[in-house]
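Here's final_26.cif, which has mmCIF, C-alpha atoms:
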data_coords
#
loop_
_atom_site.label_atom_id
_atom_site.label_comp_id
_atom_site.auth_asym_id
_atom_site.auth_seq_id
_atom_site.Cartn_x
_atom_site.Cartn_y
_atom_site.Cartn_z
CA VAL A 1 5.74 11.87 30.42
CA LEU A 2 2.20 12.95 31.23
CA ALA A 3 3.18 16.22 32.93
CA SER A 4 4.78 17.86 29.88
CA PRO A 5 1.76 17.76 27.54
CA LEU A 6 -0.59 18.56 30.39
CA SER A 7 1.42 21.59 31.50
CA PHE A 8 1.69 22.73 27.86
CA TYR A 9 -2.12 22.48 27.53
CA ILE A 10 -2.68 24.43 30.77
CA LEU A 11 -0.24 27.11 29.65
CA LEU A 12 -1.89 27.47 26.23
CA TYR A 13 -5.39 27.37 27.69
CA GLY A 14 -4.50 30.11 30.17
CA LEU A 15 -2.90 32.23 27.45
CA PHE A 16 -5.87 31.85 25.09
CA SER A 17 -8.34 32.51 27.92
CA LEU A 18 -6.47 35.67 28.89
CA LEU A 19 -6.51 36.96 25.32
CA LEU A 20 -10.15 36.03 24.60
CA CYS A 21 -11.70 37.23 27.89
CA ARG A 22 -11.58 40.83 26.65
CA PHE A 23 -13.80 40.03 23.66
CA LEU A 24 -16.11 37.16 24.70
CA SER A 25 -18.33 36.02 27.55
CA PRO A 26 -16.83 33.58 30.10
CA LYS A 27 -18.70 30.56 28.66
CA LYS A 28 -17.52 31.31 25.14
CA VAL A 29 -13.96 31.97 26.33
CA SER A 30 -13.74 28.47 27.76
CA LEU A 31 -15.08 26.88 24.58
CA PHE A 32 -12.87 28.87 22.21
CA ALA A 33 -9.72 28.43 24.35
CA ALA A 34 -10.21 24.64 24.43
CA THR A 35 -10.86 24.58 20.66
CA LEU A 36 -7.72 26.60 19.96
CA CYS A 37 -5.67 24.27 22.19
CA PHE A 38 -7.03 21.29 20.27
CA LEU A 39 -6.12 22.88 16.92
CA VAL A 40 -2.59 23.66 18.15
CA GLY A 41 -2.23 20.03 19.29
CA ILE A 42 -3.39 18.71 15.91
CA GLY A 43 -1.01 21.10 14.18
CA LEU A 44 1.91 19.81 16.23
CA LEU A 45 1.05 16.14 15.66
CA ALA A 46 0.26 16.35 11.92
CA PRO A 47 3.92 16.18 10.78
CA LEU A 48 4.32 12.95 12.76
CA TYR A 49 1.32 11.35 11.08
CA TYR A 50 2.21 12.38 7.54
CA PRO A 51 5.90 11.63 7.08
CA GLU A 52 7.76 13.47 4.35
CA GLU A 53 7.68 11.46 1.12
CA ILE A 54 10.61 11.46 -1.22
CA GLU A 55 10.16 12.41 -4.85
CA VAL A 56 11.09 9.27 -6.79
CA ASN A 57 12.48 9.53 -10.30
CA GLU A 58 14.82 7.51 -12.53
CA VAL A 59 17.87 8.88 -10.72
CA ASN A 60 16.91 7.86 -7.17
CA VAL A 61 14.58 4.89 -7.71
CA ALA A 62 17.32 2.41 -6.71
CA GLN A 63 17.90 4.39 -3.52
CA ALA A 64 14.17 4.35 -2.74
CA LEU A 65 13.92 0.57 -3.25
CA THR A 66 16.75 -0.07 -0.79
CA SER A 67 15.61 2.48 1.78
CA GLU A 68 15.05 1.55 5.42
CA SER A 69 11.61 3.18 5.25
CA TRP A 70 8.86 0.97 3.83
CA GLN A 71 7.04 4.09 2.63
CA ASP A 72 10.03 5.02 0.47
CA ARG A 73 10.22 1.48 -0.93
CA VAL A 74 6.51 1.64 -1.82
CA ALA A 75 7.07 5.03 -3.48
CA GLY A 76 9.83 3.43 -5.56
CA LEU A 77 7.57 0.52 -6.52
CA LYS A 78 4.78 2.93 -7.49
CA TYR A 79 7.20 4.82 -9.71
CA LEU A 80 8.29 1.59 -11.43
CA SER A 81 4.68 0.52 -11.90
CA SER A 82 3.54 3.82 -13.39
CA SER A 83 6.59 3.94 -15.67
CA GLY A 84 6.22 0.32 -16.80
CA LEU A 85 9.77 -0.44 -15.66
CA GLU A 86 11.22 -3.64 -14.20
CA ILE A 87 12.92 -4.24 -10.89
CA GLY A 88 16.51 -4.79 -11.91
CA ASP A 89 17.79 -6.44 -8.73
CA LEU A 90 15.55 -9.38 -7.87
CA SER A 91 17.30 -9.96 -4.53
CA ILE A 92 15.51 -6.80 -3.38
CA ALA A 93 12.22 -8.21 -4.70
CA LYS A 94 12.75 -11.45 -2.75
CA GLN A 95 13.15 -9.44 0.45
CA MET A 96 10.08 -7.34 -0.34
CA ALA A 97 7.98 -10.48 -0.92
CA SER A 98 8.51 -11.34 2.77
CA SER A 99 7.84 -7.83 4.01
CA PRO A 100 5.39 -7.43 6.90
CA TYR A 101 3.92 -4.39 5.12
CA ILE A 102 0.92 -5.18 2.89
CA PRO A 103 1.31 -2.13 0.59
CA GLU A 104 4.88 -3.15 -0.17
CA ARG A 105 3.89 -6.69 -1.18
CA TYR A 106 0.90 -5.35 -3.14
CA TRP A 107 2.98 -2.94 -5.23
CA LEU A 108 5.68 -5.56 -5.67
CA GLY A 109 3.08 -7.83 -7.25
CA ARG A 110 2.06 -5.08 -9.65
CA VAL A 111 5.64 -4.30 -10.66
CA LEU A 112 6.60 -7.95 -11.19
CA GLY A 113 4.06 -8.04 -14.01
CA ASN A 114 6.58 -5.93 -15.95
CA ASN A 115 9.49 -8.31 -15.27
CA GLN A 116 10.23 -11.22 -17.59
CA GLN A 117 13.01 -12.92 -15.59
CA ALA A 118 12.38 -16.50 -14.43
CA GLU A 119 13.10 -15.53 -10.82
CA SER A 120 10.32 -12.95 -10.84
CA TYR A 121 7.88 -15.72 -11.85
CA GLN A 122 8.87 -17.66 -8.71
CA ILE A 123 8.33 -14.58 -6.53
CA LEU A 124 4.86 -14.13 -8.04
CA LEU A 125 4.03 -17.75 -7.21
CA LYS A 126 4.96 -17.00 -3.61
CA LEU A 127 2.72 -13.92 -3.63
CA LEU A 128 -0.21 -16.03 -4.90
CA ASP A 129 -0.24 -17.76 -1.50
CA ASP A 130 -0.18 -14.48 0.44
CA LEU A 131 -2.74 -14.34 3.24
CA GLN A 132 -3.73 -10.80 2.24
CA LEU A 133 -6.36 -11.04 -0.48
CA ASN A 134 -5.30 -7.92 -2.41
CA VAL A 135 -1.68 -9.06 -2.62
CA ALA A 136 -2.71 -12.43 -4.07
CA CYS A 137 -5.01 -10.69 -6.56
CA MET A 138 -2.16 -8.45 -7.75
CA ALA A 139 -0.06 -11.58 -8.27
CA PHE A 140 -2.82 -13.04 -10.47
CA GLU A 141 -2.99 -9.82 -12.47
CA ALA A 142 0.79 -9.73 -12.88
CA LEU A 143 0.87 -13.33 -14.09
CA GLY A 144 -1.75 -12.45 -16.68
CA ARG A 145 0.21 -9.41 -17.88
CA ARG A 146 3.42 -11.40 -18.23
CA GLY A 147 1.77 -13.56 -20.90
CA GLU A 148 3.46 -16.86 -19.98
CA PRO A 149 1.25 -19.86 -20.83
CA GLN A 150 3.02 -21.95 -18.16
CA ALA A 151 1.13 -19.95 -15.53
CA ILE A 152 -2.24 -21.29 -16.69
CA SER A 153 -1.98 -24.57 -14.74
CA VAL A 154 -0.93 -22.77 -11.55
CA ILE A 155 -3.73 -20.22 -11.86
CA LEU A 156 -6.29 -22.95 -12.59
CA GLN A 157 -5.22 -24.86 -9.48
CA GLN A 158 -5.58 -21.71 -7.36
CA PHE A 159 -8.91 -20.95 -9.03
CA MET A 160 -10.30 -24.38 -8.16
CA THR A 161 -9.08 -24.47 -4.55
CA THR A 162 -9.93 -20.97 -3.32
CA ASP A 163 -13.26 -20.15 -1.74
CA SER A 164 -12.86 -16.42 -2.31
CA TRP A 165 -14.91 -15.13 -5.24
CA TYR A 166 -12.65 -12.09 -5.40
CA LYS A 167 -9.53 -14.20 -5.95
CA GLN A 168 -11.47 -16.31 -8.45
CA MET A 169 -12.39 -13.19 -10.41
CA TYR A 170 -8.76 -12.07 -10.67
CA ALA A 171 -7.65 -15.61 -11.51
CA TYR A 172 -10.27 -15.86 -14.25
CA GLN A 173 -9.24 -12.50 -15.72
CA ALA A 174 -5.59 -13.62 -15.73
CA LEU A 175 -6.56 -16.89 -17.43
CA ARG A 176 -8.50 -15.05 -20.12
CA ARG A 177 -5.60 -12.69 -20.68
CA LEU A 178 -3.33 -15.70 -21.17
CA GLY A 179 -5.66 -17.03 -23.86
CA TRP A 180 -7.26 -19.82 -21.83
CA LYS A 181 -10.75 -20.86 -22.92
CA GLN A 182 -13.09 -22.74 -20.68
CA PRO A 183 -13.68 -26.24 -22.06
CA TYR A 184 -17.21 -26.95 -23.22
CA ARG A 185 -18.83 -29.91 -21.49
CA ARG A 186 -22.26 -31.40 -21.87
#

As structure tokens, please, write out the structure in this file.
Amino acid sequence: VLASPLSFYILLYGLFSLLLCRFLSPKKVSLFAATLCFLVGIGLLAPLYYPEEIEVNEVNVAQALTSESWQDRVAGLKYLSSSGLEIGDLSIAKQMASSPYIPERYWLGRVLGNNQQAESYQILLKLLDDLQLNVACMAFEALGRRGEPQAISVILQQFMTTDSWYKQMYAYQALRRLGWKQPYRR
């Protein structure tokens, strides 16, 4: 496992050194040959780091949401969010709510703000308790966008029990969007 990359490096280094020794001093040859080997290595590894993303549109969004790749599912969720569309099949959304991938749960929360089904409300309640702060905040925002007054009591309870000012800010914004007014007390 170690011999293959090492022998490839030695081969490239030798080839670059041989080509550059005619034009540069020995010290510069070594530096430039090593730099060129590094650039070749980065060039070979770059496709592994940046996987090919699919182009999501209305024709293949269902395929993206059911893909094995979490990156494709996130691309599908981003498309739905930017288009203001709903997730049609909430069984997929239930699976995504338990995903180990934070971006998938985050974008699910954003998209569920477009859904008006009762089941999507239950999924958002689950996302409110997510350990990742940004996912919970997207669930607050989505509850506010849905415009259901029944969410006020749930959001107030979360607002009062959390010690995170960031979650409190999103909860407060959702409450205001739902028409809640803070009671005046003397």

Fill in: Residues within 10 Å of region 85-97 of chain A, only C-alpha atoms, excluding chain neighbours under 6 positions, as a ChimeraX atom specification
/A:58,61-62,65-66,70,73-74,76-77,79,104-109,111-117,119-120,122-124,126-127,130,135

Would you output that residue set with C-alpha atoms, as a PDB file, in the frame of the given file?
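Contents of the output file selection-v7.pdb:
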ATOM      1  CA  GLU A  58      14.820   7.510 -12.530  1.00  0.00           C
ATOM      2  CA  VAL A  61      14.580   4.890  -7.710  1.00  0.00           C
ATOM      3  CA  ALA A  62      17.320   2.410  -6.710  1.00  0.00           C
ATOM      4  CA  LEU A  65      13.920   0.570  -3.250  1.00  0.00           C
ATOM      5  CA  THR A  66      16.750  -0.070  -0.790  1.00  0.00           C
ATOM      6  CA  TRP A  70       8.860   0.970   3.830  1.00  0.00           C
ATOM      7  CA  ARG A  73      10.220   1.480  -0.930  1.00  0.00           C
ATOM      8  CA  VAL A  74       6.510   1.640  -1.820  1.00  0.00           C
ATOM      9  CA  GLY A  76       9.830   3.430  -5.560  1.00  0.00           C
ATOM     10  CA  LEU A  77       7.570   0.520  -6.520  1.00  0.00           C
ATOM     11  CA  TYR A  79       7.200   4.820  -9.710  1.00  0.00           C
ATOM     12  CA  GLU A 104       4.880  -3.150  -0.170  1.00  0.00           C
ATOM     13  CA  ARG A 105       3.890  -6.690  -1.180  1.00  0.00           C
ATOM     14  CA  TYR A 106       0.900  -5.350  -3.140  1.00  0.00           C
ATOM     15  CA  TRP A 107       2.980  -2.940  -5.230  1.00  0.00           C
ATOM     16  CA  LEU A 108       5.680  -5.560  -5.670  1.00  0.00           C
ATOM     17  CA  GLY A 109       3.080  -7.830  -7.250  1.00  0.00           C
ATOM     18  CA  VAL A 111       5.640  -4.300 -10.660  1.00  0.00           C
ATOM     19  CA  LEU A 112       6.600  -7.950 -11.190  1.00  0.00           C
ATOM     20  CA  GLY A 113       4.060  -8.040 -14.010  1.00  0.00           C
ATOM     21  CA  ASN A 114       6.580  -5.930 -15.950  1.00  0.00           C
ATOM     22  CA  ASN A 115       9.490  -8.310 -15.270  1.00  0.00           C
ATOM     23  CA  GLN A 116      10.230 -11.220 -17.590  1.00  0.00           C
ATOM     24  CA  GLN A 117      13.010 -12.920 -15.590  1.00  0.00           C
ATOM     25  CA  GLU A 119      13.100 -15.530 -10.820  1.00  0.00           C
ATOM     26  CA  SER A 120      10.320 -12.950 -10.840  1.00  0.00           C
ATOM     27  CA  GLN A 122       8.870 -17.660  -8.710  1.00  0.00           C
ATOM     28  CA  ILE A 123       8.330 -14.580  -6.530  1.00  0.00           C
ATOM     29  CA  LEU A 124       4.860 -14.130  -8.040  1.00  0.00           C
ATOM     30  CA  LYS A 126       4.960 -17.000  -3.610  1.00  0.00           C
ATOM     31  CA  LEU A 127       2.720 -13.920  -3.630  1.00  0.00           C
ATOM     32  CA  ASP A 130      -0.180 -14.480   0.440  1.00  0.00           C
ATOM     33  CA  VAL A 135      -1.680  -9.060  -2.620  1.00  0.00           C
TER      34      VAL A 135
END

Discussion item. So that I can see what lies close to Ser164 (chain A), please list as a PyMOL selection string the residues with an atom at most 12 Å from it, counting all atoms listed in the file and leaving out residues fewer than 3 positions away in the same chain.
Written reply: chain A and resi 131-134+136-137+158-161+167-171

Residues matched by the PyMOL selection byres ((chain A and resi 12) around 9) as a CSV table (one decimal) with C-alpha atoms, in the coordinates of the input:
chain,number,residue,atom,x,y,z
A,7,SER,CA,1.4,21.6,31.5
A,8,PHE,CA,1.7,22.7,27.9
A,9,TYR,CA,-2.1,22.5,27.5
A,10,ILE,CA,-2.7,24.4,30.8
A,11,LEU,CA,-0.2,27.1,29.6
A,13,TYR,CA,-5.4,27.4,27.7
A,14,GLY,CA,-4.5,30.1,30.2
A,15,LEU,CA,-2.9,32.2,27.4
A,16,PHE,CA,-5.9,31.8,25.1
A,17,SER,CA,-8.3,32.5,27.9
A,33,ALA,CA,-9.7,28.4,24.4
A,34,ALA,CA,-10.2,24.6,24.4
A,36,LEU,CA,-7.7,26.6,20.0
A,37,CYS,CA,-5.7,24.3,22.2
A,40,VAL,CA,-2.6,23.7,18.2

With 4 Å on each side, where is the centre of the axis-aligned box around all listed atoms of region 167-181 of chain A, and how long are its edges in Å to one decimal, as lines of an AutoDock Vina configuration file?
center_x = -7.9
center_y = -16.5
center_z = -14.9
size_x = 17.1
size_y = 16.8
size_z = 25.9

Worksheet item: For Pro103 (chain A), which residue among A:Glu148, A:Glu55, A:Glu141, A:Asp72 is the nearest when counting only C-alpha atoms?
Response: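 For Pro103 (chain A), the nearest of the candidates is A:Asp72.
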
Fill in: Contacts of Gly179 (chain A) within 10 Å, only C-alpha atoms, excl. fewer than 6 positions in-chain, as number ranges by chain
A: 144, 147-149, 152, 173

Can those selected residues be exported to a file as a PDB file, keeping the file's coordinate frame so that it contains C-alpha atoms?
ATOM      1  CA  GLY A 144      -1.750 -12.450 -16.680  1.00  0.00           C
ATOM      2  CA  GLY A 147       1.770 -13.560 -20.900  1.00  0.00           C
ATOM      3  CA  GLU A 148       3.460 -16.860 -19.980  1.00  0.00           C
ATOM      4  CA  PRO A 149       1.250 -19.860 -20.830  1.00  0.00           C
ATOM      5  CA  ILE A 152      -2.240 -21.290 -16.690  1.00  0.00           C
ATOM      6  CA  GLN A 173      -9.240 -12.500 -15.720  1.00  0.00           C
TER       7      GLN A 173
END

Discussion item. As an exercise, work out the distance from CA of Val154 (chain A) to CA of Tyr166 (chain A) in Å and give it to one decimal place.
Written reply: 17.0 Å

Item to complete: Rounded to one decimal place, report the CA of Ala3 (chain A)-CA of Pro47 (chain A) distance in Å.
Response: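 Going from CA of Ala3 (chain A) over to CA of Pro47 (chain A) covers 22.2 Å.
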
Practice prompt. Using CA of Leu178 (chain A) and CA of Lys78 (chain A) as the two end points, give the distance in Å to one decimal.
Written response: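 These atoms are spaced 24.5 Å apart.
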